[in-house]
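Have a look at the structure below before the remarks.
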Amino acid sequence: MTFQRPITSQASRPLTFGVTAINEHGEQVETEIAGEAPLTLYVDKQEIVTLMTLGAAPEALAIGYLRNQRLIGSIAEIAEVHVDWEVDAVAVTTRHGLQATERLGKRTVTTGCGQGTVFGDLMEDIDNIHLPQGAVLQESTLYALLDNVRLYDSLYKKAGALHGCALAKGSEILYYVEDVGRHNAVDAIAGIMWLDNVVGDDKIFYTTGRLTSEMVIKAAQMRVPFLVSRSGLTRMGWEIANKIGMTMIGRSQGKHFLIFTGAERFRFSDKAGA
């Protein structure tokens, strides 16, 4: 299908708000806290879900949500995305209507921060996902990426209370999105990838959050072969990553990491001369 970029609004909200707090010395201090607002998603005037979000990339969040829920099969099927914060809503207009609307009848509440929701069967279509076999990840590349993430000028350093997700090619961070829930951040990156016509076959996905089944499935749907987190993982996340052959690396900070699945894609550095 020919790539067609939809018409989108550019309606990012203020990401932090100044409030007064009292520190351990009893002093009043001005500090920044993360924003949060409800955003109700409508598709062709049908209400789908309400997402609690920071509001950094609401259009991409809506697109990525529809992509990862498998309700829209291609960015070319979306004609317009319009966010209106006066009514806390995002309206998506499609060219041919939603796909697989029967999935809307079944919801699974996930372990995502803020209670993420996945429509339909979590394991549906897993057997049809085939990740690229030739992709490899060098140990030196992983270390360089972790260092770049550490040095990134993230909102978390200023306000806390957020999860961050990054899409990288090698050690280069292509996109970095923060939100109040990691599932929102990964959806927003999925939406940006569609908007920019970027494929995941040679990319690395990094998240500050734990590696749950939801995170693994979403990364797999983007055809990203490498999933890296500074946090741990769940049993179901491990089982799915193992089943589809994804390279999943957790507890990644500094020079420490644990490869849980897909070790055949990882290349350790020759430390003989070290």
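Letters A, B, ... mark the chains of the structure tokens in the order given; residue numbers begin at 1 per chain; ligand numbers begin at 1, in order shown.
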Which neighbours of His256 (chain A) fall inside 12 Å, counting only C-alpha atoms, when residues of the same chain fewer than 5 positions from it are skipped, and could you give them as a CSV table (one decimal) with N, CA and C atoms, in the first residue's frame?
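Below is the file result-v3.csv, written as the result:
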chain,number,residue,atom,x,y,z
A,139,GLU,N,28.4,-6.1,21.9
A,139,GLU,CA,28.5,-5.7,23.3
A,139,GLU,C,28.9,-4.2,23.4
A,142,LEU,N,25.9,-2.0,22.7
A,142,LEU,CA,25.0,-2.0,23.9
A,142,LEU,C,25.5,-1.0,24.9
A,143,TYR,N,26.8,-1.1,25.2
A,143,TYR,CA,27.3,-0.2,26.2
A,143,TYR,C,27.2,1.3,25.8
A,146,LEU,N,23.6,2.4,26.2
A,146,LEU,CA,23.3,2.7,27.6
A,146,LEU,C,23.9,4.0,28.1
A,147,ASP,N,25.0,4.3,27.6
A,147,ASP,CA,25.7,5.6,28.0
A,147,ASP,C,24.9,6.7,27.4
A,229,SER,N,16.2,-3.2,28.7
A,229,SER,CA,15.6,-2.5,29.8
A,229,SER,C,16.6,-2.4,30.9
A,230,ARG,N,16.5,-1.3,31.7
A,230,ARG,CA,17.3,-1.2,32.9
A,230,ARG,C,16.6,-2.0,34.1
A,231,SER,N,15.4,-2.5,33.8
A,231,SER,CA,14.6,-3.1,34.8
A,231,SER,C,14.6,-4.7,34.6
A,249,ILE,N,17.1,-8.2,26.8
A,249,ILE,CA,18.2,-7.9,27.8
A,249,ILE,C,17.7,-7.1,28.9
A,250,GLY,N,17.8,-7.5,30.1
A,250,GLY,CA,17.3,-6.8,31.3
A,250,GLY,C,18.4,-6.4,32.2
A,251,ARG,N,18.1,-5.7,33.3
A,251,ARG,CA,19.0,-5.2,34.3
A,251,ARG,C,20.2,-4.5,33.7
Proximity of region 181-236 of chain A to region 58-74 of chain A: per-residue shortest pair, 12 Å limit, only C-alpha atoms, as CSV:
residue,atom,partner,partner_atom,distance
A:Gly181,CA,A:Leu61,CA,11.6
A:Arg182,CA,A:Leu61,CA,11.5
A:His183,CA,A:Tyr65,CA,9.0
A:Asn184,CA,A:Leu61,CA,6.5
A:Ala185,CA,A:Leu61,CA,7.5
A:Val186,CA,A:Gly64,CA,7.9
A:Asp187,CA,A:Gly64,CA,4.3
A:Ala188,CA,A:Leu61,CA,3.9
A:Ile189,CA,A:Gly64,CA,6.9
A:Ala190,CA,A:Gly64,CA,4.7
A:Gly191,CA,A:Gly64,CA,3.7
A:Ile192,CA,A:Ala60,CA,5.5
A:Met193,CA,A:Gly64,CA,8.5
A:Trp194,CA,A:Gly64,CA,7.9
A:Leu195,CA,A:Ala60,CA,7.8
A:Asp196,CA,A:Ala60,CA,10.6
A:Asn197,CA,A:Ser74,CA,10.5
A:Glu214,CA,A:Asn68,CA,9.7
A:Met215,CA,A:Asn68,CA,10.2
A:Val216,CA,A:Asn68,CA,11.2
A:Ile217,CA,A:Asn68,CA,8.4
A:Lys218,CA,A:Asn68,CA,5.9
A:Ala219,CA,A:Asn68,CA,9.0
A:Ala220,CA,A:Asn68,CA,9.7
A:Gln221,CA,A:Asn68,CA,6.9
A:Met222,CA,A:Asn68,CA,8.3
A:Arg223,CA,A:Asn68,CA,11.6
Fill in the blank from the handout: If you count only C-alpha atoms, the residue of A:Gly35, A:Ser140, A:His130, A:Ala241 closest to Phe268 (chain A) turns out to be A:Ser140
Extract, using only C-alpha atoms, all DNA, RNA and protein residues at most 6 Å from region 203-206 of chain A, discarding same-chain residues fewer than 2 positions from it, and format them as a PDB file with N, CA and C atoms, in the first residue's frame.
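Writing done, so here's part_5.pdb:
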ATOM      1  N   CYS A 165      11.044   5.575  26.836  1.00  0.00           N
ATOM      2  CA  CYS A 165      11.318   4.563  25.831  1.00  0.00           C
ATOM      3  C   CYS A 165      12.098   5.205  24.691  1.00  0.00           C
ATOM      4  N   ALA A 166      13.017   4.436  24.126  1.00  0.00           N
ATOM      5  CA  ALA A 166      13.826   4.950  23.036  1.00  0.00           C
ATOM      6  C   ALA A 166      13.898   3.931  21.917  1.00  0.00           C
ATOM      7  N   LEU A 167      13.929   4.421  20.692  1.00  0.00           N
ATOM      8  CA  LEU A 167      14.232   3.598  19.533  1.00  0.00           C
ATOM      9  C   LEU A 167      15.601   4.022  19.042  1.00  0.00           C
ATOM     10  N   ALA A 168      16.488   3.039  18.863  1.00  0.00           N
ATOM     11  CA  ALA A 168      17.858   3.345  18.465  1.00  0.00           C
ATOM     12  C   ALA A 168      18.263   2.511  17.260  1.00  0.00           C
ATOM     13  N   LYS A 169      19.156   3.088  16.472  1.00  0.00           N
ATOM     14  CA  LYS A 169      19.840   2.344  15.428  1.00  0.00           C
ATOM     15  C   LYS A 169      21.303   2.315  15.825  1.00  0.00           C
ATOM     16  N   GLY A 200      11.464  -1.451  11.870  1.00  0.00           N
ATOM     17  CA  GLY A 200      12.161  -1.828  13.095  1.00  0.00           C
ATOM     18  C   GLY A 200      13.183  -2.927  12.947  1.00  0.00           C
ATOM     19  N   ASP A 201      13.355  -3.459  11.750  1.00  0.00           N
ATOM     20  CA  ASP A 201      14.174  -4.656  11.559  1.00  0.00           C
ATOM     21  C   ASP A 201      15.601  -4.543  12.076  1.00  0.00           C
ATOM     22  N   VAL A 224      10.982  -5.205  15.901  1.00  0.00           N
ATOM     23  CA  VAL A 224      12.255  -4.854  16.526  1.00  0.00           C
ATOM     24  C   VAL A 224      12.837  -6.117  17.168  1.00  0.00           C
ATOM     25  N   PHE A 226      15.567  -6.461  19.127  1.00  0.00           N
ATOM     26  CA  PHE A 226      16.288  -6.283  20.382  1.00  0.00           C
ATOM     27  C   PHE A 226      15.477  -5.431  21.345  1.00  0.00           C
ATOM     28  N   LEU A 227      15.236  -5.954  22.544  1.00  0.00           N
ATOM     29  CA  LEU A 227      14.486  -5.243  23.570  1.00  0.00           C
ATOM     30  C   LEU A 227      15.362  -5.165  24.812  1.00  0.00           C
ATOM     31  N   VAL A 228      15.653  -3.940  25.246  1.00  0.00           N
ATOM     32  CA  VAL A 228      16.590  -3.704  26.345  1.00  0.00           C
ATOM     33  C   VAL A 228      15.906  -2.883  27.429  1.00  0.00           C
ATOM     34  N   SER A 229      16.154  -3.242  28.692  1.00  0.00           N
ATOM     35  CA  SER A 229      15.572  -2.497  29.804  1.00  0.00           C
ATOM     36  C   SER A 229      16.574  -2.409  30.947  1.00  0.00           C
TER      37      SER A 229
END
Handout entry: Shell of 8 Å around Gln10 (chain A), only C-alpha atoms, local chain residues under 2 positions omitted, as a list in words
Key = Thr8, Ser12, Glu59 and Val83 of chain A
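Comparing A:Arg210, A:Lys45, A:His82, A:Lys255 by their smallest distance to Leu233 (chain A), the closest is A:Arg210 (using only C-alpha atoms).
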Practice task
Pick out each residue of region 76-255 of chain A that DSSP on the backbone tags as helix (DSSP H, G or I); I need them as a PyMOL selection string.
Solution key: chain A and resi 76-77+101-105+126-128+139-151+156-159+182-196+213-221+235-244
Problem - Shell of 6 Å around Ser171 (chain A), only C-alpha atoms, local chain residues under 6 positions omitted, as a list of chain:residue names - result: A:Thr141, A:Ala144, A:Leu145
With C-alpha atoms kept, could you save the residues just selected as a PDB file, in the first residue's frame?
ATOM      1  CA  THR A 141      27.072  -1.068  20.857  1.00  0.00           C
ATOM      2  CA  ALA A 144      27.399   2.921  23.988  1.00  0.00           C
ATOM      3  CA  LEU A 145      23.585   2.972  23.824  1.00  0.00           C
TER       4      LEU A 145
END
Problem - Exercise: Arg5 (chain A) partners within 7 Å, only C-alpha atoms, chain neighbours under 2 positions left out, as a PyMOL selection string - result: chain A and resi 3+7+75-76+195
Atoms kept (C-alpha atoms) for selection, written as a PDB file, in the first residue's frame:
ATOM      1  CA  PHE A   3       2.581   5.485   2.068  1.00  0.00           C
ATOM      2  CA  ILE A   7      -3.123  15.191   8.490  1.00  0.00           C
ATOM      3  CA  ILE A  75      -0.758   4.315   8.426  1.00  0.00           C
ATOM      4  CA  ALA A  76      -2.296   4.794   4.968  1.00  0.00           C
ATOM      5  CA  LEU A 195       4.435   8.621  10.529  1.00  0.00           C
TER       6      LEU A 195
END
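Distance annotation: of A:Gln138, A:Gln133, A:Thr53, A:Thr31, the residue with the minimal separation from Val177 (chain A) is A:Thr53; atom set is only C-alpha atoms.
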Handout entry: Who sits within 7 Å of His163 (chain A), only C-alpha atoms, same chain under 6 positions skipped, as a list in words
Key =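 The residues that qualify are Glu178, Asp179, Val180, Gly181, Arg182, Thr208 and Gly209 of chain A.
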